[in-house]
file final08.txt (compact mmCIF, C-alpha atoms (C1' of nucleotides))
# COMPACT_ATOMS: atom_id res chain seq x y z
CA MET A 1 104.06 99.69 90.63
CA THR A 2 101.89 96.76 91.71
CA GLU A 3 98.37 97.40 92.91
CA ARG A 4 99.26 95.98 96.29
CA LYS A 5 102.30 98.21 96.51
CA LEU A 6 100.18 101.25 95.74
CA GLU A 7 97.77 100.12 98.42
CA ILE A 8 100.56 99.90 100.97
CA LEU A 9 101.88 103.28 99.89
CA SER A 10 98.48 104.82 100.36
CA ILE A 11 98.09 103.26 103.81
CA ALA A 12 101.52 104.52 104.79
CA GLN A 13 100.72 108.03 103.58
CA SER A 14 97.60 108.07 105.69
CA LEU A 15 99.54 107.07 108.78
CA PHE A 16 102.38 109.47 108.01
CA LYS A 17 99.82 112.24 107.68
CA ASP A 18 98.40 111.53 111.13
CA ASN A 19 101.57 110.82 113.10
CA GLY A 20 104.47 111.93 110.96
CA TYR A 21 107.01 109.76 109.19
CA THR A 22 109.36 109.24 112.11
CA ALA A 23 106.63 108.38 114.59
CA THR A 24 105.07 105.83 112.26
CA SER A 25 106.59 102.36 112.52
CA MET A 26 106.66 99.61 109.96
CA ARG A 27 104.59 97.64 112.44
CA ASP A 28 101.95 100.36 112.38
CA ILE A 29 101.84 100.19 108.61
CA ALA A 30 101.72 96.40 108.65
CA LYS A 31 98.84 96.38 111.11
CA ALA A 32 96.89 98.87 109.02
CA ALA A 33 97.53 96.69 105.97
CA ASN A 34 96.45 93.52 107.81
CA VAL A 35 99.81 91.92 107.28
CA GLU A 36 102.84 90.92 109.31
CA PRO A 37 105.62 93.54 109.31
CA ALA A 38 108.04 91.32 107.42
CA SER A 39 105.53 90.90 104.61
CA LEU A 40 105.84 94.55 103.67
CA TYR A 41 109.31 93.80 102.40
CA SER A 42 107.85 91.61 99.68
CA HIS A 43 106.63 94.86 98.13
CA ILE A 44 108.98 97.61 99.16
CA ASN A 45 112.67 97.89 99.85
CA GLY A 46 112.28 99.71 103.13
CA LYS A 47 110.55 102.44 105.04
CA GLU A 48 112.32 105.28 103.33
CA GLU A 49 111.09 104.14 99.93
CA LEU A 50 107.59 105.03 101.07
CA LEU A 51 108.66 108.55 101.96
CA ASP A 52 110.85 108.91 98.91
CA THR A 53 108.16 107.84 96.48
CA THR A 54 105.66 110.14 98.12
CA CYS A 55 107.88 113.20 98.09
CA PHE A 56 109.19 112.83 94.56
CA SER A 57 105.92 111.82 92.92
CA MET A 58 104.33 114.92 94.42
CA ALA A 59 107.22 117.11 93.38
CA GLU A 60 106.85 115.80 89.87
CA LYS A 61 103.16 116.65 89.80
CA PHE A 62 103.82 120.22 90.89
CA ILE A 63 106.65 120.75 88.43
CA ASN A 64 104.70 119.30 85.53
CA GLY A 65 101.79 121.49 86.54
CA ILE A 66 103.69 124.76 86.44
CA ALA A 67 105.49 123.77 83.25
CA GLU A 68 102.16 123.16 81.56
CA VAL A 69 100.79 126.49 82.78
CA ASN A 70 103.81 128.33 81.49
CA ASP A 71 103.51 126.53 78.17
CA ILE A 72 99.85 127.08 77.49
CA TYR A 73 99.04 130.52 78.81
CA PHE A 74 100.50 133.84 77.88
CA ASP A 75 99.17 136.63 80.07
CA ALA A 76 100.66 136.72 83.58
CA ALA A 77 97.32 137.13 85.32
CA GLN A 78 95.99 134.11 83.48
CA LYS A 79 99.11 132.16 84.29
CA LEU A 80 98.84 133.03 87.94
CA LYS A 81 95.21 132.02 88.05
CA MET A 82 95.96 128.70 86.44
CA ALA A 83 99.03 128.07 88.57
CA VAL A 84 96.99 128.60 91.73
CA ASP A 85 94.23 126.44 90.35
CA THR A 86 96.60 123.65 89.45
CA HIS A 87 98.38 123.80 92.78
CA VAL A 88 95.18 123.60 94.79
CA GLY A 89 93.93 120.83 92.55
CA ILE A 90 97.02 118.73 93.16
CA LEU A 91 96.76 119.27 96.91
CA ALA A 92 93.09 118.41 97.03
CA THR A 93 93.31 115.23 94.98
CA ASN A 94 96.38 113.93 96.83
CA LEU A 95 95.79 115.33 100.27
CA ASN A 96 97.54 112.68 102.34
CA ALA A 97 100.53 112.57 100.05
CA ALA A 98 100.61 116.37 99.92
CA ILE A 99 100.78 116.62 103.68
CA VAL A 100 103.60 114.10 103.86
CA PHE A 101 105.35 115.83 100.98
CA GLN A 102 105.19 119.07 102.86
CA ARG A 103 106.04 117.99 106.37
CA ASP A 104 108.35 115.03 106.09
CA TRP A 105 110.73 115.66 103.20
CA ARG A 106 113.24 116.65 105.87
CA HIS A 107 113.61 113.02 106.81
CA LEU A 108 114.83 111.93 103.41
CA SER A 109 118.42 110.76 103.30
CA ASP A 110 120.93 113.53 102.68
CA ASP A 111 121.33 112.71 99.00
CA ARG A 112 117.66 112.47 98.26
CA LYS A 113 116.92 115.52 100.36
CA ALA A 114 119.35 117.54 98.27
CA ALA A 115 117.69 116.30 95.09
CA PHE A 116 114.31 117.16 96.52
CA ILE A 117 115.33 120.69 97.38
CA VAL A 118 116.48 121.22 93.81
CA LEU A 119 113.01 120.34 92.56
CA ARG A 120 111.41 122.50 95.21
CA ASN A 121 113.50 125.48 94.15
CA GLN A 122 112.67 124.78 90.55
CA TYR A 123 108.99 125.05 91.33
CA GLU A 124 109.45 128.22 93.33
CA GLU A 125 111.40 129.68 90.45
CA GLY A 126 108.52 128.87 88.11
CA MET A 127 106.21 130.84 90.37
CA ARG A 128 108.63 133.73 90.64
CA VAL A 129 108.81 133.98 86.87
CA ILE A 130 105.05 134.39 86.68
CA VAL A 131 105.07 137.17 89.25
CA GLN A 132 107.99 138.85 87.51
CA ASN A 133 106.18 138.60 84.17
CA GLY A 134 103.19 140.32 85.69
CA ILE A 135 105.35 143.20 86.83
CA ASP A 136 107.12 143.45 83.48
CA GLU A 137 103.78 143.49 81.70
CA GLY A 138 102.65 146.32 83.94
CA LEU A 139 99.85 144.22 85.42
CA PHE A 140 101.28 143.81 88.91
CA ASN A 141 102.67 146.29 91.39
CA GLU A 142 106.42 146.49 91.61
CA VAL A 143 106.57 144.30 94.66
CA ASP A 144 109.57 142.43 96.05
CA VAL A 145 109.26 139.38 93.78
CA LYS A 146 111.00 136.95 96.07
CA PHE A 147 108.94 137.99 99.03
CA ALA A 148 105.64 138.09 97.17
CA THR A 149 106.17 134.64 95.70
CA LEU A 150 107.08 133.23 99.08
CA THR A 151 103.94 134.72 100.55
CA LEU A 152 101.83 133.33 97.75
CA LEU A 153 103.36 129.90 98.13
CA SER A 154 102.90 129.93 101.87
CA SER A 155 99.19 130.50 101.42
CA LEU A 156 99.06 127.70 98.90
CA ASN A 157 101.02 125.33 101.07
CA TRP A 158 99.06 126.01 104.21
CA ILE A 159 95.85 124.92 102.57
CA VAL A 160 96.59 121.31 103.42
CA GLU A 161 96.44 122.24 107.10
CA TRP A 162 92.77 123.12 106.95
CA TYR A 163 91.39 121.76 103.70
CA ASP A 164 88.48 119.41 104.19
CA ALA A 165 87.11 117.50 101.24
CA GLU A 166 83.70 117.59 102.90
CA GLY A 167 84.09 121.25 103.78
CA ARG A 168 82.41 124.43 102.69
CA LEU A 169 84.75 125.29 99.84
CA THR A 170 85.56 123.24 96.76
CA PRO A 171 89.14 123.23 95.49
CA ALA A 172 88.10 125.51 92.62
CA GLU A 173 86.51 127.95 95.06
CA ILE A 174 89.56 127.91 97.28
CA ALA A 175 91.75 128.63 94.27
CA GLU A 176 89.51 131.48 93.17
CA ASN A 177 89.33 132.99 96.66
CA LEU A 178 93.07 132.80 96.99
CA TYR A 179 93.70 134.27 93.58
CA ASN A 180 91.39 137.18 94.25
CA PHE A 181 92.89 137.77 97.65
CA VAL A 182 96.44 137.75 96.40
CA LEU A 183 95.52 140.00 93.53
CA THR A 184 93.43 142.66 95.25
CA GLY A 185 94.24 142.42 98.95
CA LEU A 186 92.12 143.43 101.91
CA LYS A 187 91.86 147.16 101.42
CA LYS A 188 88.69 148.59 99.99
CA MET B 189 113.28 127.63 135.73
CA THR B 190 116.96 127.09 136.49
CA GLU B 191 119.56 128.54 134.19
CA ARG B 192 120.80 125.06 133.38
CA LYS B 193 117.30 123.88 132.60
CA LEU B 194 116.84 126.81 130.22
CA GLU B 195 120.13 125.91 128.62
CA ILE B 196 119.01 122.33 128.06
CA LEU B 197 115.68 123.53 126.73
CA SER B 198 117.44 125.78 124.27
CA ILE B 199 119.72 122.97 123.12
CA ALA B 200 116.75 120.68 122.71
CA GLN B 201 114.87 123.28 120.67
CA SER B 202 117.82 123.67 118.36
CA LEU B 203 117.95 119.90 117.78
CA PHE B 204 114.18 119.62 117.41
CA LYS B 205 114.32 122.37 114.83
CA ASP B 206 116.90 120.50 112.76
CA ASN B 207 115.62 116.94 113.05
CA GLY B 208 112.15 117.13 114.48
CA TYR B 209 110.99 116.12 117.94
CA THR B 210 110.51 112.43 117.23
CA ALA B 211 113.81 111.97 115.46
CA THR B 212 115.76 113.65 118.24
CA SER B 213 116.79 111.30 121.05
CA MET B 214 117.54 112.10 124.63
CA ARG B 215 121.05 110.88 123.88
CA ASP B 216 121.32 113.47 121.12
CA ILE B 217 120.31 116.17 123.55
CA ALA B 218 122.65 114.86 126.21
CA LYS B 219 125.57 114.80 123.79
CA ALA B 220 124.88 118.37 122.70
CA ALA B 221 124.73 119.39 126.35
CA ASN B 222 127.99 117.58 127.16
CA VAL B 223 126.29 115.41 129.70
CA GLU B 224 125.28 111.80 130.14
CA PRO B 225 121.69 111.02 129.14
CA ALA B 226 120.69 110.20 132.70
CA SER B 227 121.85 113.58 133.89
CA LEU B 228 119.15 115.33 131.92
CA TYR B 229 116.64 113.91 134.37
CA SER B 230 118.15 115.98 137.14
CA HIS B 231 116.61 118.95 135.37
CA ILE B 232 113.58 117.79 133.51
CA ASN B 233 110.89 115.19 134.01
CA GLY B 234 111.15 113.72 130.55
CA LYS B 235 111.40 114.34 126.87
CA GLU B 236 107.88 115.56 126.44
CA GLU B 237 108.37 118.31 128.98
CA LEU B 238 110.80 119.91 126.54
CA LEU B 239 108.20 119.89 123.79
CA ASP B 240 105.40 120.90 126.11
CA THR B 241 107.25 123.87 127.55
CA THR B 242 108.24 125.02 124.08
CA CYS B 243 104.76 124.81 122.60
CA PHE B 244 102.91 126.40 125.46
CA SER B 245 105.38 129.18 126.17
CA MET B 246 105.19 130.17 122.51
CA ALA B 247 101.42 129.96 122.49
CA GLU B 248 101.36 132.24 125.50
CA LYS B 249 103.54 134.78 123.74
CA PHE B 250 101.27 134.88 120.73
CA ILE B 251 98.09 135.14 122.77
CA ASN B 252 99.48 137.89 124.97
CA GLY B 253 100.60 139.68 121.85
CA ILE B 254 97.23 139.77 120.19
CA ALA B 255 95.47 140.65 123.43
CA GLU B 256 97.75 143.62 123.86
CA VAL B 257 97.17 144.75 120.29
CA ASN B 258 93.42 144.52 120.74
CA ASP B 259 93.66 146.45 123.98
CA ILE B 260 95.81 149.31 122.85
CA TYR B 261 94.76 150.08 119.31
CA PHE B 262 91.41 151.05 118.00
CA ASP B 263 91.41 151.26 114.23
CA ALA B 264 91.36 147.90 112.45
CA ALA B 265 94.12 148.77 110.01
CA GLN B 266 96.33 149.84 112.90
CA LYS B 267 95.47 146.67 114.78
CA LEU B 268 96.31 144.53 111.80
CA LYS B 269 99.61 146.28 111.31
CA MET B 270 100.54 145.80 114.93
CA ALA B 271 99.35 142.21 115.03
CA VAL B 272 101.52 141.36 112.05
CA ASP B 273 104.41 143.23 113.56
CA THR B 274 104.06 141.46 116.88
CA HIS B 275 103.72 138.06 115.27
CA VAL B 276 106.82 138.48 113.16
CA GLY B 277 108.69 139.85 116.15
CA ILE B 278 107.88 136.80 118.25
CA LEU B 279 108.93 134.47 115.46
CA ALA B 280 112.18 136.27 114.84
CA THR B 281 113.26 136.48 118.46
CA ASN B 282 112.38 132.86 119.22
CA LEU B 283 113.09 131.23 115.90
CA ASN B 284 114.03 127.75 117.08
CA ALA B 285 111.17 127.56 119.52
CA ALA B 286 108.81 128.96 116.90
CA ILE B 287 109.72 126.25 114.43
CA VAL B 288 109.22 123.53 117.03
CA PHE B 289 105.99 125.17 118.13
CA GLN B 290 104.76 125.07 114.58
CA ARG B 291 105.90 121.66 113.44
CA ASP B 292 105.88 119.43 116.47
CA TRP B 293 102.84 120.29 118.57
CA ARG B 294 101.23 117.24 116.98
CA HIS B 295 103.44 115.05 119.13
CA LEU B 296 102.12 116.38 122.41
CA SER B 297 100.14 113.88 124.46
CA ASP B 298 96.45 113.81 123.63
CA ASP B 299 95.47 115.90 126.64
CA ARG B 300 98.07 118.54 126.10
CA LYS B 301 97.47 118.58 122.38
CA ALA B 302 93.81 119.32 122.99
CA ALA B 303 94.75 122.16 125.32
CA PHE B 304 97.17 123.47 122.76
CA ILE B 305 94.59 123.50 120.01
CA VAL B 306 92.29 125.56 122.21
CA LEU B 307 94.98 128.22 122.52
CA ARG B 308 95.69 128.05 118.83
CA ASN B 309 92.03 128.61 118.00
CA GLN B 310 91.93 131.43 120.49
CA TYR B 311 94.72 133.19 118.64
CA GLU B 312 93.12 132.60 115.26
CA GLU B 313 89.89 134.01 116.61
CA GLY B 314 91.74 137.13 117.73
CA MET B 315 92.98 137.60 114.20
CA ARG B 316 89.57 136.96 112.71
CA VAL B 317 88.09 139.66 114.92
CA ILE B 318 90.54 142.18 113.56
CA VAL B 319 89.68 141.33 109.98
CA GLN B 320 85.98 141.43 110.77
CA ASN B 321 86.40 144.82 112.45
CA GLY B 322 88.05 146.13 109.32
CA ILE B 323 85.10 145.04 107.24
CA ASP B 324 82.59 146.48 109.70
CA GLU B 325 84.45 149.75 109.72
CA GLY B 326 84.30 149.84 105.93
CA LEU B 327 88.07 149.73 105.65
CA PHE B 328 88.39 146.23 104.23
CA ASN B 329 86.67 144.48 101.36
CA GLU B 330 83.87 142.15 102.27
CA VAL B 331 86.05 139.09 101.98
CA ASP B 332 85.39 135.64 103.41
CA VAL B 333 86.71 136.35 106.91
CA LYS B 334 87.62 132.80 107.79
CA PHE B 335 89.44 132.29 104.55
CA ALA B 336 91.22 135.64 104.59
CA THR B 337 92.43 135.13 108.15
CA LEU B 338 93.68 131.66 107.36
CA THR B 339 95.56 133.03 104.39
CA LEU B 340 97.06 135.82 106.44
CA LEU B 341 98.11 133.41 109.16
CA SER B 342 99.61 131.01 106.66
CA SER B 343 101.86 133.76 105.36
CA LEU B 344 102.83 134.66 108.90
CA ASN B 345 103.51 131.08 109.89
CA TRP B 346 105.53 130.26 106.83
CA ILE B 347 108.03 132.96 107.60
CA VAL B 348 109.92 130.62 109.90
CA GLU B 349 110.64 128.40 106.89
CA TRP B 350 112.76 131.03 105.19
CA TYR B 351 113.57 133.71 107.76
CA ASP B 352 117.24 134.26 108.23
CA ALA B 353 118.46 136.54 111.00
CA GLU B 354 121.46 137.42 108.82
CA GLY B 355 119.26 137.85 105.77
CA ARG B 356 118.25 140.76 103.62
CA LEU B 357 115.10 141.72 105.51
CA THR B 358 114.74 142.69 109.15
CA PRO B 359 111.71 141.46 111.07
CA ALA B 360 110.20 144.94 110.88
CA GLU B 361 110.68 145.03 107.12
CA ILE B 362 109.17 141.59 106.74
CA ALA B 363 106.17 142.68 108.77
CA GLU B 364 105.76 145.82 106.71
CA ASN B 365 106.10 143.98 103.41
CA LEU B 366 103.57 141.43 104.51
CA TYR B 367 101.14 144.03 105.79
CA ASN B 368 101.32 145.96 102.54
CA PHE B 369 100.94 142.82 100.48
CA VAL B 370 97.93 141.59 102.39
CA LEU B 371 96.35 145.00 102.26
CA THR B 372 96.86 145.96 98.64
CA GLY B 373 97.57 142.73 96.76
CA LEU B 374 99.47 142.24 93.55
CA LYS B 375 97.29 144.07 91.09
CA LYS B 376 98.32 147.49 89.94
C1' DT C 377 131.19 119.09 161.94
C1' DG C 378 127.09 117.16 160.27
C1' DT C 379 123.10 117.64 157.03
C1' DC C 380 121.07 118.39 152.99
C1' DA C 381 120.38 119.73 147.96
C1' DT C 382 122.30 119.74 143.45
C1' DA C 383 124.04 117.85 139.40
C1' DA C 384 126.32 114.66 137.58
C1' DC C 385 127.71 109.63 136.75
C1' DG C 386 127.81 104.42 134.86
C1' DA C 387 124.92 100.60 134.33
C1' DA C 388 121.00 98.62 133.33
C1' DC C 389 115.93 98.24 132.32
C1' DA C 390 112.10 96.71 129.17
C1' DT C 391 110.49 98.00 124.86
C1' DT C 392 110.47 99.25 120.19
C1' DC C 393 112.86 100.00 115.98
C1' DG C 394 113.84 98.61 110.82
C1' DT C 395 115.17 94.74 108.77
C1' DT C 396 116.60 89.84 107.40
C1' DA C 397 116.38 84.73 106.93
C1' DG C 398 114.06 80.84 105.69
C1' DG C 399 109.99 78.36 104.70
C1' DC C 400 105.38 77.29 102.87
C1' DA C 401 101.08 77.34 100.20
C1' DA C 402 98.71 79.11 96.36
C1' DA C 403 98.77 81.16 91.92
C1' DT C 404 100.93 81.51 87.54
C1' DA C 405 103.84 80.29 83.69
C1' DT C 406 106.08 76.87 80.85
C1' DA D 407 102.48 68.17 84.86
C1' DT D 408 106.18 70.63 86.34
C1' DA D 409 108.70 74.72 87.49
C1' DT D 410 108.68 79.32 89.04
C1' DT D 411 107.02 83.26 91.06
C1' DT D 412 104.21 85.61 94.40
C1' DG D 413 102.65 86.89 98.90
C1' DC D 414 102.64 85.97 103.11
C1' DC D 415 104.24 83.69 107.39
C1' DT D 416 107.17 82.82 111.98
C1' DA D 417 111.23 83.86 114.14
C1' DA D 418 114.83 86.38 115.05
C1' DC D 419 118.56 89.99 114.56
C1' DG D 420 121.27 93.99 116.36
C1' DA D 421 120.59 98.56 117.39
C1' DA D 422 118.28 102.36 119.42
C1' DT D 423 114.63 104.12 122.37
C1' DG D 424 113.12 106.78 126.95
C1' DT D 425 113.79 106.09 131.45
C1' DT D 426 115.17 104.38 136.29
C1' DC D 427 118.46 102.89 139.50
C1' DG D 428 121.95 103.52 143.14
C1' DT D 429 125.94 106.21 143.78
C1' DT D 430 129.12 110.08 144.20
C1' DA D 431 131.48 114.56 144.20
C1' DT D 432 130.61 119.30 145.44
C1' DG D 433 129.33 123.00 148.04
C1' DA D 434 126.03 125.70 150.98
C1' DC D 435 124.17 126.13 155.45
C1' DA D 436 123.03 124.77 160.38
call {"tool": "encode", "arguments": {"input": "final08.txt", "output": "structure tokens"}}
result
Amino acid sequence: MTERKLEILSIAQSLFKDNGYTATSMRDIAKAANVEPASLYSHINGKEELLDTTCFSMAEKFINGIAEVNDIYFDAAQKLKMAVDTHVGILATNLNAAIVFQRDWRHLSDDRKAAFIVLRNQYEEGMRVIVQNGIDEGLFNEVDVKFATLTLLSSLNWIVEWYDAEGRLTPAEIAENLYNFVLTGLKK
Amino acid sequence: MTERKLEILSIAQSLFKDNGYTATSMRDIAKAANVEPASLYSHINGKEELLDTTCFSMAEKFINGIAEVNDIYFDAAQKLKMAVDTHVGILATNLNAAIVFQRDWRHLSDDRKAAFIVLRNQYEEGMRVIVQNGIDEGLFNEVDVKFATLTLLSSLNWIVEWYDAEGRLTPAEIAENLYNFVLTGLKK
DNA sequence: TGTCATAACGAACATTCGTTAGGCAAATAT
DNA sequence: ATATTTGCCTAACGAATGTTCGTTATGACA
């Protein structure tokens, strides 16, 4: 990937984040890149490539992250902590792309969307395994695994909606807060 | 609101849910309503009215819900339980509209979007008050209120992404699961 | 019977969409 | 020095966009 292509991708992600993929035109992207619309096609094959690259490169990061966690750590609580940490880290260091990844994957072509969903399920399964491990090891309550994982993931995913790099909490603090919350709950 | 107008609104919400507001054309809506595109304008003022009505009618439901909860119940744990129950109930009985409400409010006009965000913050504040009450009453841990509420809301909001009316869990069961999870956490 | 409202129609509007074709100057490679 | 590639340009393409227009069939009500 050329430097210029990466630049264009980054510009596109920023616009997609603000207005959504569908509501962002190639002309918008061109203007933001200080270039005529047609010039974009010297670098990319089309608009969907920008979405496709964003979605799949993010999916790859998440899947590699959970694979690594499952490789390195043994204890389920440790795994969970690291999985949360990794997830938040990926979101925070690729915020624009993460938002696009989360909101706009629906606009992939049917083929690519199907491929994307496979990866998404793969990641969810990785998380489920950690929760199940915790139960098997006697560390976690015997919760509904599917439901608990979904709830955990929802909290992780929603972070992009309010995370602010200049905000009060660092990614590490967010991860720790979330881990503690998911582990111990509200009740005193 | 005429019956026919409601019908069109419902059709539009179903299409918005599947393809998003921006990627759904008036011609799509017309086709689904078995009508020529121009005929839609006998019932509505324009495309945005469909989005506007959806977003604000849902916001109203949520705000009324939390106001009622705060009126009727006293104990924070009870309030939280009922707030979760009400939230899930609203989602489940207005699933299409809820999805549009959640994903597409960004495409409201600037004025309306600002008004919408005010309502959204109002609802979040209502939730925060409940959590804060719980802490003050000594029922809840002294968590970061803002963070905890955001996490709770994220779990509530994400439900629309996987809820299936024909699925394993009823809305009441989902609410109960979620309440228990948020209250007691994973740890044994 | 005459008047009005409703809900639909076909045709057209200006605009925007993603994309392609062809060319041209500067940088790079041979 | 010459050839090739790169990065951008202007111009244009066909298709799709939300919406407006004037009209018409239907039926309720005076």
call {"tool": "residues_around", "arguments": {"input": "final08.txt", "residues": "Val100 in chain A", "least_positions_apart": "3", "cutoff": "7 Å", "atoms": "all atoms listed in the file", "output": "PDB file with C-alpha atoms, in the coordinates of the input"}}
result
ATOM      1  CA  GLN A  13     100.720 108.030 103.580  1.00  0.00           C
ATOM      2  CA  PHE A  16     102.380 109.470 108.010  1.00  0.00           C
ATOM      3  CA  LYS A  17      99.820 112.240 107.680  1.00  0.00           C
ATOM      4  CA  ASN A  96      97.540 112.680 102.340  1.00  0.00           C
ATOM      5  CA  ALA A  97     100.530 112.570 100.050  1.00  0.00           C
ATOM      6  CA  ARG A 103     106.040 117.990 106.370  1.00  0.00           C
ATOM      7  CA  ASP A 104     108.350 115.030 106.090  1.00  0.00           C
TER       8      ASP A 104
END
call {"tool": "closest_residue", "arguments": {"input": "final08.txt", "among": "A:Ile29, A:Val182, A:Val35, A:Met1", "to": "chain D", "atoms": "all atoms listed in the file"}}
result
A:Val35
call {"tool": "interface_residues", "arguments": {"input": "final08.txt", "of": "chain A", "to": "chain D", "cutoff": "9 Å", "atoms": "all atoms listed in the file", "output": "PDB file with C-alpha atoms, keeping the file's coordinate frame"}}
result
ATOM      1  CA  VAL A  35      99.810  91.920 107.280  1.00  0.00           C
ATOM      2  CA  GLU A  36     102.840  90.920 109.310  1.00  0.00           C
ATOM      3  CA  ALA A  38     108.040  91.320 107.420  1.00  0.00           C
ATOM      4  CA  SER A  39     105.530  90.900 104.610  1.00  0.00           C
ATOM      5  CA  SER A  42     107.850  91.610  99.680  1.00  0.00           C
ATOM      6  CA  HIS A  43     106.630  94.860  98.130  1.00  0.00           C
TER       7      HIS A  43
END
call {"tool": "interface_residues", "arguments": {"input": "final08.txt", "of": "chain C", "to": "chain A", "cutoff": "10 Å", "atoms": "all atoms listed in the file", "output": "list of chain:residue names"}}
result
C:DT392, C:DC393, C:DG394, C:DT395, C:DT396
call {"tool": "closest_atom_pairs", "arguments": {"input": "final08.txt", "of": "chain A", "to": "chain B", "cutoff": "7 Å", "atoms": "all atoms listed in the file", "output": "Markdown table"}}
result
| residue | atom | partner | partner_atom | distance |
| --- | --- | --- | --- | --- |
| A:Thr22 | CA | B:Thr210 | CA | 6.1 |
| A:Ala23 | CA | B:Thr210 | CA | 6.2 |
| A:Leu139 | CA | B:Lys376 | CA | 5.8 |
| A:Phe140 | CA | B:Lys375 | CA | 4.6 |
| A:Asn141 | CA | B:Lys376 | CA | 4.7 |
| A:Thr151 | CA | B:Ser343 | CA | 5.3 |
| A:Ser154 | CA | B:Ser343 | CA | 5.3 |
| A:Ser155 | CA | B:Ser342 | CA | 5.3 |
| A:Trp158 | CA | B:Ser342 | CA | 5.6 |
| A:Phe181 | CA | B:Gly373 | CA | 6.9 |
| A:Val182 | CA | B:Gly373 | CA | 5.1 |
| A:Leu183 | CA | B:Leu374 | CA | 4.5 |
| A:Thr184 | CA | B:Gly373 | CA | 4.4 |
| A:Gly185 | CA | B:Gly373 | CA | 4.0 |
| A:Leu186 | CA | B:Leu371 | CA | 4.5 |
| A:Lys187 | CA | B:Phe328 | CA | 4.6 |
| A:Lys188 | CA | B:Asn329 | CA | 4.8 |
call {"tool": "atom_distance", "arguments": {"input": "final08.txt", "atom1": "CA of Leu15 in chain A", "atom2": "CA of Ile287 in chain B"}}
result
22.4 Å
call {"tool": "residues_around", "arguments": {"input": "final08.txt", "residues": "Pro359 in chain B", "least_positions_apart": "6", "cutoff": "10 Å", "atoms": "only C-alpha atoms (C1' of nucleotides)", "output": "PyMOL selection string"}}
result
chain B and resi 273-281+347+351-353+365
call {"tool": "build_atoms", "arguments": {"input": "final08.txt", "residues": "range 250-254 of chain B", "atoms": "all heavy atoms", "output": "PDB file, keeping the file's coordinate frame"}}
result
ATOM      1  N   PHE B 250     102.136 134.444 121.822  1.00  0.00           N
ATOM      2  CA  PHE B 250     101.270 134.880 120.730  1.00  0.00           C
ATOM      3  C   PHE B 250      99.937 135.426 121.261  1.00  0.00           C
ATOM      4  O   PHE B 250      99.457 136.472 120.820  1.00  0.00           O
ATOM      5  CB  PHE B 250     101.000 133.728 119.759  1.00  0.00           C
ATOM      6  CG  PHE B 250     102.146 133.475 118.826  1.00  0.00           C
ATOM      7  CD1 PHE B 250     102.871 132.303 118.884  1.00  0.00           C
ATOM      8  CD2 PHE B 250     102.511 134.429 117.891  1.00  0.00           C
ATOM      9  CE1 PHE B 250     103.937 132.076 118.024  1.00  0.00           C
ATOM     10  CE2 PHE B 250     103.574 134.210 117.027  1.00  0.00           C
ATOM     11  CZ  PHE B 250     104.296 133.031 117.101  1.00  0.00           C
ATOM     12  N   ILE B 251      99.394 134.721 122.241  1.00  0.00           N
ATOM     13  CA  ILE B 251      98.090 135.140 122.770  1.00  0.00           C
ATOM     14  C   ILE B 251      98.207 136.467 123.515  1.00  0.00           C
ATOM     15  O   ILE B 251      97.366 137.359 123.374  1.00  0.00           O
ATOM     16  CB  ILE B 251      97.519 134.034 123.664  1.00  0.00           C
ATOM     17  CG1 ILE B 251      96.994 132.905 122.768  1.00  0.00           C
ATOM     18  CG2 ILE B 251      96.431 134.569 124.573  1.00  0.00           C
ATOM     19  CD1 ILE B 251      96.279 131.826 123.499  1.00  0.00           C
ATOM     20  N   ASN B 252      99.250 136.607 124.291  1.00  0.00           N
ATOM     21  CA  ASN B 252      99.480 137.890 124.970  1.00  0.00           C
ATOM     22  C   ASN B 252      99.657 139.010 123.951  1.00  0.00           C
ATOM     23  O   ASN B 252      99.168 140.119 124.143  1.00  0.00           O
ATOM     24  CB  ASN B 252     100.710 137.810 125.876  1.00  0.00           C
ATOM     25  CG  ASN B 252     100.464 136.960 127.094  1.00  0.00           C
ATOM     26  OD1 ASN B 252      99.324 136.639 127.420  1.00  0.00           O
ATOM     27  ND2 ASN B 252     101.535 136.569 127.773  1.00  0.00           N
ATOM     28  N   GLY B 253     100.353 138.682 122.889  1.00  0.00           N
ATOM     29  CA  GLY B 253     100.600 139.680 121.850  1.00  0.00           C
ATOM     30  C   GLY B 253      99.320 140.220 121.254  1.00  0.00           C
ATOM     31  O   GLY B 253      99.115 141.437 121.179  1.00  0.00           O
ATOM     32  N   ILE B 254      98.455 139.317 120.857  1.00  0.00           N
ATOM     33  CA  ILE B 254      97.230 139.770 120.190  1.00  0.00           C
ATOM     34  C   ILE B 254      96.284 140.453 121.173  1.00  0.00           C
ATOM     35  O   ILE B 254      95.572 141.400 120.817  1.00  0.00           O
ATOM     36  CB  ILE B 254      96.507 138.605 119.471  1.00  0.00           C
ATOM     37  CG1 ILE B 254      95.476 139.156 118.482  1.00  0.00           C
ATOM     38  CG2 ILE B 254      95.800 137.691 120.444  1.00  0.00           C
ATOM     39  CD1 ILE B 254      95.741 138.770 117.094  1.00  0.00           C
TER      40      ILE B 254
END
